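Quick look at input-v6.tsv (TSV, C-alpha atoms):
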```tsv
chain	number	residue	atom	x	y	z
A	277	MET	CA	-11.96	70.59	43.78
A	278	SER	CA	-11.82	70.33	39.99
A	279	ARG	CA	-14.94	69.79	37.87
A	280	ALA	CA	-13.72	66.28	36.95
A	281	ALA	CA	-13.10	65.39	40.60
A	282	THR	CA	-16.53	66.73	41.57
A	283	SER	CA	-18.13	64.65	38.83
A	284	LEU	CA	-16.35	61.48	39.97
A	285	ALA	CA	-17.21	62.10	43.63
A	286	SER	CA	-20.89	62.52	42.79
A	287	ARG	CA	-21.16	59.20	40.97
A	288	PRO	CA	-22.68	56.30	42.92
A	289	LEU	CA	-20.37	53.43	43.69
A	290	ILE	CA	-20.80	50.54	41.26
A	291	ARG	CA	-21.26	47.28	43.15
A	292	SER	CA	-20.14	44.06	41.57
A	293	ARG	CA	-22.96	41.75	40.62
A	294	PRO	CA	-22.94	37.99	41.00
A	295	LYS	CA	-22.71	35.71	38.00
A	296	ILE	CA	-25.73	33.48	37.42
A	297	SER	CA	-25.54	30.45	35.14
A	298	ALA	CA	-28.23	27.98	34.10
A	299	ILE	CA	-27.33	24.40	35.03
A	300	GLY	CA	-29.61	22.25	32.91
A	301	ALA	CA	-33.24	23.32	32.66
A	302	ARG	CA	-34.26	23.59	36.32
A	303	ALA	CA	-31.17	24.75	38.21
A	304	PHE	CA	-29.34	28.05	38.48
A	305	LEU	CA	-25.91	28.69	39.98
A	306	LEU	CA	-25.13	32.05	41.57
A	307	ASP	CA	-21.44	32.85	42.03
A	308	ALA	CA	-20.71	35.64	44.50
A	309	PRO	CA	-18.60	38.52	43.20
A	310	GLY	CA	-15.41	39.72	44.82
A	311	GLU	CA	-12.98	37.87	47.01
A	312	PHE	CA	-13.13	34.25	48.05
A	313	ASP	CA	-13.55	35.08	51.73
A	314	LEU	CA	-15.71	34.65	54.82
A	315	ALA	CA	-17.70	37.82	54.15
A	316	ALA	CA	-18.87	36.47	50.79
A	317	GLN	CA	-19.67	33.08	52.29
A	318	ARG	CA	-21.74	34.61	55.09
A	319	ARG	CA	-23.82	36.35	52.48
A	320	ILE	CA	-24.23	33.07	50.58
A	321	TRP	CA	-25.52	31.51	53.82
A	322	ALA	CA	-28.05	34.33	54.14
A	323	LEU	CA	-29.12	33.95	50.52
A	324	THR	CA	-29.57	30.21	51.05
A	325	GLN	CA	-32.00	30.81	53.91
A	326	THR	CA	-34.08	33.08	51.68
A	327	VAL	CA	-34.14	30.98	48.52
A	328	ARG	CA	-34.92	27.69	50.27
A	329	GLN	CA	-38.24	29.26	51.38
A	330	TRP	CA	-39.38	29.93	47.82
A	331	PRO	CA	-42.31	27.58	47.10
A	332	ASP	CA	-41.03	26.74	43.61
A	333	VAL	CA	-37.57	25.66	44.82
A	334	ILE	CA	-37.03	22.00	45.67
A	335	GLU	CA	-33.37	22.12	46.75
A	336	THR	CA	-30.63	24.59	47.63
A	337	VAL	CA	-26.96	23.60	47.66
A	338	PRO	CA	-24.61	26.22	49.12
A	339	GLY	CA	-21.06	25.84	47.88
A	340	MET	CA	-17.82	27.80	48.10
A	341	THR	CA	-19.11	31.38	47.68
A	342	ASN	CA	-21.86	30.11	45.42
A	343	LEU	CA	-25.39	28.78	45.62
A	344	LEU	CA	-27.15	26.23	43.44
A	345	ALA	CA	-30.95	26.59	43.39
A	346	VAL	CA	-32.93	23.70	41.93
A	347	PHE	CA	-36.53	24.41	40.93
A	348	LYS	CA	-39.42	21.97	41.02
A	349	ALA	CA	-40.30	22.59	37.38
A	350	VAL	CA	-38.68	24.19	34.36
A	351	PRO	CA	-39.25	27.94	34.77
A	352	GLU	CA	-41.43	29.47	32.07
A	353	ASP	CA	-39.34	32.66	32.20
A	354	PRO	CA	-35.69	31.97	33.10
A	355	ASP	CA	-34.90	35.70	32.99
A	356	SER	CA	-37.38	36.32	35.80
A	357	VAL	CA	-35.62	33.66	37.89
A	358	ILE	CA	-32.30	35.41	37.34
A	359	SER	CA	-33.88	38.72	38.37
A	360	ARG	CA	-35.29	37.14	41.54
A	361	LEU	CA	-31.90	35.70	42.45
A	362	LEU	CA	-30.15	39.02	41.82
A	363	ASP	CA	-32.73	40.86	43.92
A	364	ALA	CA	-32.41	38.31	46.73
A	365	TRP	CA	-28.62	38.69	46.63
A	366	GLU	CA	-28.89	42.48	46.91
A	367	ARG	CA	-31.19	42.12	49.90
A	368	ALA	CA	-29.17	39.37	51.61
A	369	GLU	CA	-27.45	40.49	54.79
A	370	SER	CA	-24.40	38.67	56.06
A	371	ILE	CA	-25.12	36.09	58.74
A	372	ASP	CA	-22.74	34.17	60.95
A	373	ILE	CA	-23.62	30.53	61.51
A	374	LYS	CA	-22.65	29.51	65.03
A	375	GLY	CA	-21.38	26.00	64.52
A	376	LYS	CA	-19.55	23.59	66.76
A	377	THR	CA	-15.79	23.34	67.24
A	378	ILE	CA	-14.17	20.17	65.90
A	379	ASP	CA	-10.68	19.13	66.99
A	380	ILE	CA	-9.00	16.72	64.57
A	381	PRO	CA	-5.86	14.88	65.77
A	382	VAL	CA	-3.34	14.63	62.94
A	383	HIS	CA	-0.26	12.54	62.26
A	384	TYR	CA	1.81	15.03	60.28
A	385	GLY	CA	4.45	13.60	57.98
A	386	GLY	CA	4.99	9.87	57.67
A	387	ALA	CA	3.87	7.59	54.88
A	388	HIS	CA	0.70	9.54	54.07
A	389	ALA	CA	2.43	12.93	53.67
A	390	THR	CA	3.24	12.22	50.03
A	391	ASP	CA	3.19	15.89	49.02
A	392	LEU	CA	4.82	17.55	52.02
A	393	ALA	CA	8.24	17.79	50.33
A	394	ALA	CA	6.71	19.38	47.22
A	395	LEU	CA	4.87	21.90	49.36
A	396	CYS	CA	8.10	22.80	51.15
A	397	ASP	CA	9.82	23.31	47.80
A	398	LEU	CA	6.99	25.52	46.58
A	399	CYS	CA	6.68	27.77	49.62
A	400	GLY	CA	10.36	27.76	50.60
A	401	LEU	CA	9.67	26.72	54.17
A	402	ALA	CA	11.03	23.86	56.27
A	403	ASP	CA	8.68	20.94	56.92
A	404	LYS	CA	8.47	21.83	60.64
A	405	GLU	CA	7.33	25.35	59.74
A	406	VAL	CA	4.72	24.03	57.31
A	407	VAL	CA	3.32	21.75	59.99
A	408	ARG	CA	3.31	24.58	62.55
A	409	LEU	CA	1.50	26.99	60.25
A	410	HIS	CA	-1.10	24.36	59.36
A	411	HIS	CA	-1.94	23.22	62.89
A	412	GLU	CA	-1.93	26.73	64.34
A	413	GLY	CA	-4.65	27.82	61.93
A	414	THR	CA	-8.33	28.09	62.80
A	415	TYR	CA	-10.58	27.02	59.95
A	416	THR	CA	-14.21	27.66	59.05
A	417	VAL	CA	-16.29	25.09	57.19
A	418	PHE	CA	-17.62	27.00	54.20
A	419	ALA	CA	-19.52	24.14	52.58
A	420	LEU	CA	-19.75	20.38	52.12
A	421	GLY	CA	-19.27	18.78	48.74
A	422	SER	CA	-17.27	16.77	46.19
A	423	ALA	CA	-17.77	13.65	48.36
A	424	PRO	CA	-20.15	12.85	51.24
A	425	GLY	CA	-18.99	14.70	54.35
A	426	PHE	CA	-16.05	16.48	52.75
A	427	GLY	CA	-15.70	19.94	54.27
A	428	TYR	CA	-14.13	22.84	52.38
A	429	LEU	CA	-12.13	24.68	55.03
A	430	HIS	CA	-11.25	28.36	54.79
A	431	GLY	CA	-8.47	29.99	56.81
A	432	LEU	CA	-5.30	28.41	55.43
A	433	ASP	CA	-2.19	30.55	55.85
A	434	PRO	CA	-1.44	32.09	52.41
A	435	ARG	CA	2.12	30.80	52.62
A	436	LEU	CA	0.74	27.26	52.39
A	437	HIS	CA	-1.43	27.77	49.32
A	438	MET	CA	-0.59	25.09	46.77
A	439	PRO	CA	-2.33	24.41	43.45
A	440	ARG	CA	-4.14	21.14	42.99
A	441	LYS	CA	-2.25	18.55	41.00
A	442	THR	CA	-2.58	18.56	37.23
A	443	VAL	CA	-2.34	14.77	37.43
A	444	PRO	CA	-4.21	13.42	40.48
A	445	SER	CA	-2.77	10.77	42.75
A	446	LEU	CA	-4.32	7.48	41.65
A	447	ARG	CA	-4.92	6.30	45.21
A	448	MET	CA	-5.04	8.61	48.21
A	449	GLU	CA	-6.23	7.08	51.46
A	450	LYS	CA	-9.33	8.21	53.27
A	451	GLY	CA	-8.20	10.39	56.18
A	452	CYS	CA	-5.35	12.17	54.40
A	453	VAL	CA	-5.07	15.79	55.49
A	454	THR	CA	-4.79	17.78	52.30
A	455	ILE	CA	-4.27	21.20	50.76
A	456	GLY	CA	-5.86	22.30	47.48
A	457	GLY	CA	-5.28	25.87	46.40
A	458	MET	CA	-6.24	28.15	49.30
A	459	GLN	CA	-8.24	25.46	51.09
A	460	THR	CA	-7.49	22.52	53.33
A	461	GLY	CA	-9.53	19.45	54.17
A	462	VAL	CA	-9.61	15.76	55.06
A	463	ALA	CA	-10.16	13.14	52.36
A	464	VAL	CA	-13.34	11.15	52.99
A	465	LEU	CA	-12.87	8.51	50.28
A	466	THR	CA	-9.97	6.36	49.16
A	467	GLY	CA	-9.23	6.85	45.49
A	468	PRO	CA	-7.96	9.39	42.95
A	469	ASN	CA	-7.37	12.81	44.46
A	470	GLY	CA	-5.82	16.01	43.13
A	471	TRP	CA	-5.18	17.63	46.51
A	472	ASN	CA	-1.79	17.57	48.27
A	473	SER	CA	-1.41	15.33	51.32
A	474	ILE	CA	0.65	16.45	54.32
A	475	GLY	CA	-0.61	14.10	57.02
A	476	PHE	CA	-3.30	11.73	58.21
A	477	ALA	CA	-6.31	11.81	60.56
A	478	ASP	CA	-8.06	8.76	61.98
A	479	LEU	CA	-11.22	10.66	62.95
A	480	PRO	CA	-14.02	9.63	60.51
A	481	MET	CA	-15.51	12.54	58.57
A	482	PHE	CA	-18.59	10.62	57.45
A	483	ASP	CA	-20.57	7.76	58.98
A	484	PRO	CA	-23.65	6.73	56.96
A	485	ALA	CA	-25.04	4.84	59.96
A	486	ALA	CA	-24.92	7.85	62.29
A	487	GLU	CA	-27.94	10.03	63.02
A	488	VAL	CA	-25.97	12.92	61.50
A	489	PRO	CA	-23.67	11.22	58.97
A	490	ALA	CA	-21.34	14.16	58.28
A	491	LEU	CA	-19.05	15.26	61.09
A	492	MET	CA	-18.76	18.78	59.66
A	493	ALA	CA	-21.43	21.33	58.81
A	494	PRO	CA	-21.23	24.85	57.36
A	495	GLY	CA	-20.17	27.32	60.03
A	496	ASP	CA	-18.26	24.80	62.13
A	497	ILE	CA	-14.79	25.72	63.38
A	498	VAL	CA	-12.04	23.15	62.76
A	499	ARG	CA	-8.69	22.88	64.51
A	500	PHE	CA	-5.96	20.40	63.63
A	501	LEU	CA	-4.08	19.02	66.63
A	502	PRO	CA	-0.58	17.59	66.06
A	503	GLU	CA	-1.00	14.16	67.63
A	504	ARG	CA	2.29	13.00	66.08
A	505	ILE	CA	4.92	14.64	63.88
A	506	GLU	CA	7.13	12.37	61.80
A	507	LEU	CA	9.48	14.35	59.56
```
Now, as a test, write the supplied structure out as structure tokens.
Amino acid sequence: MSRAATSLASRPLIRSRPKISAIGARAFLLDAPGEFDLAAQRRIWALTQTVRQWPDVIETVPGMTNLLAVFKAVPEDPDSVISRLLDAWERAESIDIKGKTIDIPVHYGGAHATDLAALCDLCGLADKEVVRLHHEGTYTVFALGSAPGFGYLHGLDPRLHMPRKTVPSLRMEKGCVTIGGMQTGVAVLTGPNGWNSIGFADLPMFDPAAEVPALMAPGDIVRFLPERIEL
């Protein structure tokens, strides 16, 4: 082995570090490095369990491969907070949340599938194939956010990835089954929406009167069942 090769082999591997940003005076956002995948999210879940036990933290909000930590008071030394978060990230071991399985009946196509044709044009697949790929997927709820009860679902077939709209739809109905980038989900509010609708689900995602208002929770497994296909 050459001297250069020996030198390279003896160097420790450099691990990517998360990015930490201050959000206002009392909150810090940690973005996981690397791929947007289940491994990163499992580590975020582990980090959440650690940070929420800190006595000076009032709230933790796990997101899509990120974590927002809100402190009770403005930290006297923000750099020490960043160091604590980095250390906690390095110590965090991946955990797998054992959630429930949720089956969501879907009416694919029809009046609510306003973006199905555009998706077909983008991916070069027939509408039947798009529907098949979507309902045959098994999805993991990474996080809740953007609206009460909205679940960000990971596991979408890469062939169905579609960017969010640059100009949102002015009125998308609650219940529309949508795709945004590499994620899929179900709209929980009627109104402007930048995701792409390919169908509709009657099952409510959020009920404020229920003991547990949100149907989904991080770690749940979601399956879409083709109740009706209208193409």
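Of the listed residues A:Lys348, A:His388, A:Arg435, A:Lys441, the one whose atoms come nearest to Ile505 (chain A) is A:His388, with distances taken using all atoms listed in the file.
Residues within 10 Å of Gly427 (chain A), counting only C-alpha atoms and excluding same-chain residues fewer than 5 positions away, are Thr416, Val417, Phe418, Ala419, Leu420, Gly421, Ser422, Gln459, Thr460, Gly461, Val462, Ala463, Val464, Met481, Ala490, Leu491, Met492, Ala493, Pro494, Asp496 and Val498 of chain A.
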Only C-alpha atoms, please: the residues just picked out, written as a PDB file, in the frame of the given file.
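The result, written out as selection-v1.pdb:
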```pdb
ATOM      1  CA  THR A 416     -14.210  27.660  59.050  1.00  0.00           C
ATOM      2  CA  VAL A 417     -16.290  25.090  57.190  1.00  0.00           C
ATOM      3  CA  PHE A 418     -17.620  27.000  54.200  1.00  0.00           C
ATOM      4  CA  ALA A 419     -19.520  24.140  52.580  1.00  0.00           C
ATOM      5  CA  LEU A 420     -19.750  20.380  52.120  1.00  0.00           C
ATOM      6  CA  GLY A 421     -19.270  18.780  48.740  1.00  0.00           C
ATOM      7  CA  SER A 422     -17.270  16.770  46.190  1.00  0.00           C
ATOM      8  CA  GLN A 459      -8.240  25.460  51.090  1.00  0.00           C
ATOM      9  CA  THR A 460      -7.490  22.520  53.330  1.00  0.00           C
ATOM     10  CA  GLY A 461      -9.530  19.450  54.170  1.00  0.00           C
ATOM     11  CA  VAL A 462      -9.610  15.760  55.060  1.00  0.00           C
ATOM     12  CA  ALA A 463     -10.160  13.140  52.360  1.00  0.00           C
ATOM     13  CA  VAL A 464     -13.340  11.150  52.990  1.00  0.00           C
ATOM     14  CA  MET A 481     -15.510  12.540  58.570  1.00  0.00           C
ATOM     15  CA  ALA A 490     -21.340  14.160  58.280  1.00  0.00           C
ATOM     16  CA  LEU A 491     -19.050  15.260  61.090  1.00  0.00           C
ATOM     17  CA  MET A 492     -18.760  18.780  59.660  1.00  0.00           C
ATOM     18  CA  ALA A 493     -21.430  21.330  58.810  1.00  0.00           C
ATOM     19  CA  PRO A 494     -21.230  24.850  57.360  1.00  0.00           C
ATOM     20  CA  ASP A 496     -18.260  24.800  62.130  1.00  0.00           C
ATOM     21  CA  VAL A 498     -12.040  23.150  62.760  1.00  0.00           C
TER      22      VAL A 498
END
```
Legend entry - Nearest to Ile371 (chain A) by atom-to-atom distance, counting all atoms listed in the file, from A:Leu323, A:Ala389, A:Val346, A:Leu465: A:Leu323
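If all atoms listed in the file are the atoms counted, then among A:Gln329, A:Asn342, A:Ser359, A:Asn472 the closest residue to Asp313 (chain A) is A:Asn342.
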Inset, instruction - Could you give me, as a ChimeraX atom specification, the residues within 10 Å of Ser370 (chain A), counting all atoms listed in the file and dropping anything in the same chain fewer than 3 positions from it? - result: /A:314-323,367,373
Inset, instruction - Tell me, in Å to one decimal, how far CA of Leu507 (chain A) is from CA of Lys404 (chain A). - result: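 Computing it gives 7.6 Å between the two atoms.
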Could you give me the axis-aligned bounding box of region 491-504 of chain A, with 5 Å of padding per side, as centre plus edge lengths in Å to one decimal, as AutoDock Vina command-line options?
```
--center_x -9.6 --center_y 20.2 --center_z 62.5 --size_x 33.7 --size_y 24.3 --size_z 20.3
```
Inset, instruction - Excluding region 455-458 of chain A and residues on its chain fewer than 3 positions from it, collect all residues at most 6 Å away from it, counting all atoms listed in the file, and give them as a list of chain:residue names. - result: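 The residues satisfying every condition are A:His437, A:Met438, A:Pro439, A:Arg440, A:Trp471, A:Asn472.
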Generate the output file for the selected residues, C-alpha atoms, as a PDB file, keeping the file's coordinate frame.
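File result.pdb, as written:
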```pdb
ATOM      1  CA  HIS A 437      -1.430  27.770  49.320  1.00  0.00           C
ATOM      2  CA  MET A 438      -0.590  25.090  46.770  1.00  0.00           C
ATOM      3  CA  PRO A 439      -2.330  24.410  43.450  1.00  0.00           C
ATOM      4  CA  ARG A 440      -4.140  21.140  42.990  1.00  0.00           C
ATOM      5  CA  TRP A 471      -5.180  17.630  46.510  1.00  0.00           C
ATOM      6  CA  ASN A 472      -1.790  17.570  48.270  1.00  0.00           C
TER       7      ASN A 472
END
```
Neighbour list for His410 (chain A) as an mmCIF file with C-alpha atoms, in the frame of the given file, cut-off 9 Å, only C-alpha atoms, skip fewer than 4 positions in-chain:
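As written to disk, result-v2.cif reads:
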```cif
data_model
loop_
_atom_site.group_PDB
_atom_site.id
_atom_site.type_symbol
_atom_site.label_atom_id
_atom_site.label_comp_id
_atom_site.auth_asym_id
_atom_site.auth_seq_id
_atom_site.Cartn_x
_atom_site.Cartn_y
_atom_site.Cartn_z
ATOM 1 C CA GLU A 405 7.330 25.350 59.740
ATOM 2 C CA VAL A 406 4.720 24.030 57.310
ATOM 3 C CA THR A 414 -8.330 28.090 62.800
ATOM 4 C CA LEU A 432 -5.300 28.410 55.430
ATOM 5 C CA ASP A 433 -2.190 30.550 55.850
ATOM 6 C CA LEU A 436 0.740 27.260 52.390
ATOM 7 C CA THR A 460 -7.490 22.520 53.330
ATOM 8 C CA PHE A 500 -5.960 20.400 63.630
#
```
Inset, instruction - Return the single residue from A:Asp379, A:Gly400, A:Tyr384, A:Gly495 that is closest to Pro480 (chain A), with distances computed using all atoms listed in the file. - result: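 Using all atoms listed in the file, Pro480 (chain A) sits closest to A:Asp379.
Here CA of Phe312 (chain A) is placed at a distance of 24.8 Å from CA of Leu392 (chain A).
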Legend entry - Interatomic distance, CA of Ala423 (chain A) to CA of Arg447 (chain A) (Å, one decimal):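 If I compute the distance from CA of Ala423 (chain A) to CA of Arg447 (chain A), I get 15.1 Å.
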Legend entry - Closest of A:Ala308, A:Trp365, A:Arg499, A:Leu429 to Ile378 (chain A) - atom-to-atom distances counting all atoms listed in the file: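 Closest to Ile378 (chain A) of all the choices is A:Arg499.
Residue nearest Glu311 (chain A), chosen from A:Pro354, A:Glu335, A:Pro294, A:Thr324 and counting all atoms listed in the file: A:Pro294.
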